[in-house]
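Down below is the structure, laid out as structure tokens.
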Amino acid sequence: MDLTDQIRQAISDIYDVPDFVVEHPADENKGDLASNVAMVLAKRERVNPLEKAKEIVDRLKESEQLKDNFSKIEVAGPGFINFWVKDKFYLGKLKEVIEGKNDFGKNLDRNKERVIIEFTDPNPFKVFHIGHLMSNAIGESLSRLIEFSGARVCRACYQGDVGIHVAKAIWGIKEMLDEQNQKIDQWEDIPLDKRVYEMGRAYARGAKEYEESTEAKDKIEKLNKEIYQRTDDSLNTIYDLGRRWSLEYFEKIYDTLGTRFNEYFFESDTSERGSELVREFLSKGVFEESQGAIIFNGEKYGLHTRVFINSMGLPTYEAKELGLAKAKFERFEYDKSIIVTANEINDYFKVLIKALSLIYPDLAFKTEHIGHGMLKLKYGKMSSRTGEVVSGEGLIDDVSVEIKKKMEETGKIKEITDVDNVIKKVAVGAIKYSMLKQSPGKDIIFDFETSLSFEGDSGPYLQYAYARAINIWEKGGRKELTDFDIETEISEEERQLIKWMARFEEIAEAAGRNLTPNLICSYLIELSARFNYFYTKCQVNGSEKENLRLMMTLATAQIIKNGLWLLGIETVEKM
RNA sequence: GUAUCUGUAGCUUAACUGGAUAAAGCAUUCCCCUCCGAAGGGAAAGAUUGUGGGUUCGACUCCCACCAGGUACACCA
């Protein structure tokens, strides 16, 4: 039982009060924990809050368990009760960190729950852009937070391999092949990333023509049908090769990003079954026919109306999504299904989940859509490299260049053997951190100059603190001791640090429960700041308290590592 | 137009879901490497939390109105 619960318990043992708060006061001079019970009770009983608080404190001081962990309980301000924690509690926690290693901080909030989480969702034939990077960063972090809470997680990726966008891309590819007088298999000689880049260009071209020329539009729509029916061999070859290349390329990116999907779903698998569902429930009154299309009248439920099967008889994304819900359940029996996308389709998902609830109520009940903020670009120097839409890989490359410069400046680069690997980890860390550090759902104004800072509130700041800690610990002989005396005296600088370490568990639990990786970010920044301050104030190696301080250093590194893992960011020992 | 989200220091964001003197990072100004990693540390300065009401011991947080911006609203995903 953690300290907060101990206090809650002690209070509940004496008073019958349902609604009160035990929290960490913002100002540490006001104690380590505080409660507002007295104010709640005083209001109910119409008595003076300060006197009530005094009465409560007197009774709490008799509690044996509180006596054990708290050194002081006091009344303050308008009637708050403040609690001071004994140092030995914190020193005990230090041992837990060292013993717990990578498991330190795990909780059982979602013990044995089965959660499927869908994210990233790039479309074959199209560019993997920074929006996908964002979805991936958030989805991967949520997956890890949920796993950290004891759940079994299935990472799922859903990709649109059929539909008009594919036809646009293929139309573009055909145009390009004609101009170059080439056949599609000749593209195999081009490196994979360049090949995929060409397909992205082909898509852009098709999309543009689709808008601008009615002739091209007709052709593309005809292509769409042909692709769907697989009647034309040469078309099938282009489609199959292009699809494969895209998917291979995505795998490469997932590898650098640190995601491994357990299940892949494709629109080509879900469209037929989606159509069937819609037609089946059309007769049951869930859907309606209107202007040749089959729609879901969301207005009946205060939402908006959406088309599920268009007037050409083809299923839209909406219909496919219905098929997907069931397909997911068949592959992974879930207690909860989370779908991560950009927030621009929040309303769309409300309609979808409503429709789903009329078809598969149990599945709809388990489904939750999380809309993350959009990445808004503010163009700076670095993005001018290509002068085009910034692709995910392009961003990683651009950041890598800056990281390398920095490493050359500091001279550390000479001591590192696998330089490219380290650069990639730091670059990905910088990008992911900048996407995770703010509350989910809010848009991110992405400025290359400031968003990707390597100082202060940034991924590299955390990685740097880790590298520094490991370095000091290394010099101290890589010891792992847990037999230090927990009754030992500690200084203020030391206390500030270990006190903060003791909060990791509750932060990880809160982040896992609310699905808010940003809590981990701000926690880790504060931890690193405290460690850096400790470092300037307290000599570790060669000091009288060497062993204790080495363990504080090791524990700091361990928590940074565990926290970064939750963010999907890797640590490096040198950078 | 309707729905919905957002508005906090010059900029980008916090604030433990109603708590105590609103907290950081960039940027600006000043210190600190003969000592374990200066991608660091310390200090200064910077705020009428969009505006106006309301609810109560207590409001950035809840309610109402207004202002400004984003997004979505029938065959794209």
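Residues are named by chain letter and number: chains run A, B, ... in the order of the structure tokens, numbers start at 1 in each chain, and ligands are numbered from 1 in the order shown.
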
Check: Any idea which chain B residues end up within 10 Å of chain A if we count only C-alpha atoms (C1' of nucleotides), as an NGL selection string please?
Finding: :B and (3-6 or 11-16 or 19-21 or 23-27 or 35-42 or 57-58 or 70-77)

Given only C-alpha atoms as the basis, pick out the residue of A:Leu566, A:Val37, A:Ile370, A:Met501 nearest to A:Leu50.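 Of all the options, A:Val37 lies closest to A:Leu50.
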
Q.
When DSSP is applied to the backbone of this structure, which of stretch 235-348 of chain A are assigned strand (DSSP E or B)? Write them out as number ranges by chain.
A. A: 263-266, 288-290, 293-296, 306-309, 315, 336-342

Limited to C-alpha atoms, could you put the picked residues into a file as a PDB file, in the first residue's frame?
ATOM      1  CA  GLU A 263      -1.547  -8.111 -36.346  1.00  0.00           C
ATOM      2  CA  TYR A 264      -2.035  -6.441 -39.693  1.00  0.00           C
ATOM      3  CA  PHE A 265      -5.431  -5.706 -41.130  1.00  0.00           C
ATOM      4  CA  PHE A 266      -6.171  -4.594 -44.667  1.00  0.00           C
ATOM      5  CA  GLU A 288     -31.427   3.672 -44.801  1.00  0.00           C
ATOM      6  CA  GLU A 289     -31.359   4.065 -48.547  1.00  0.00           C
ATOM      7  CA  SER A 290     -30.976   7.591 -49.783  1.00  0.00           C
ATOM      8  CA  ALA A 293     -26.510   5.172 -51.377  1.00  0.00           C
ATOM      9  CA  ILE A 294     -26.868   3.394 -48.067  1.00  0.00           C
ATOM     10  CA  ILE A 295     -26.508   5.726 -45.163  1.00  0.00           C
ATOM     11  CA  PHE A 296     -26.611   5.800 -41.404  1.00  0.00           C
ATOM     12  CA  ARG A 306     -22.677   9.302 -43.078  1.00  0.00           C
ATOM     13  CA  VAL A 307     -22.587   7.189 -46.210  1.00  0.00           C
ATOM     14  CA  PHE A 308     -21.667   3.533 -45.655  1.00  0.00           C
ATOM     15  CA  ILE A 309     -22.154   2.220 -49.153  1.00  0.00           C
ATOM     16  CA  PRO A 315     -18.293   0.183 -49.318  1.00  0.00           C
ATOM     17  CA  LYS A 336     -10.886  -3.345 -24.884  1.00  0.00           C
ATOM     18  CA  SER A 337     -10.195  -2.050 -28.357  1.00  0.00           C
ATOM     19  CA  ILE A 338      -8.426   1.270 -28.746  1.00  0.00           C
ATOM     20  CA  ILE A 339      -8.085   3.106 -32.036  1.00  0.00           C
ATOM     21  CA  VAL A 340      -5.582   5.920 -32.285  1.00  0.00           C
ATOM     22  CA  THR A 341      -6.036   8.481 -35.058  1.00  0.00           C
ATOM     23  CA  ALA A 342      -5.777  12.215 -35.590  1.00  0.00           C
TER      24      ALA A 342
END
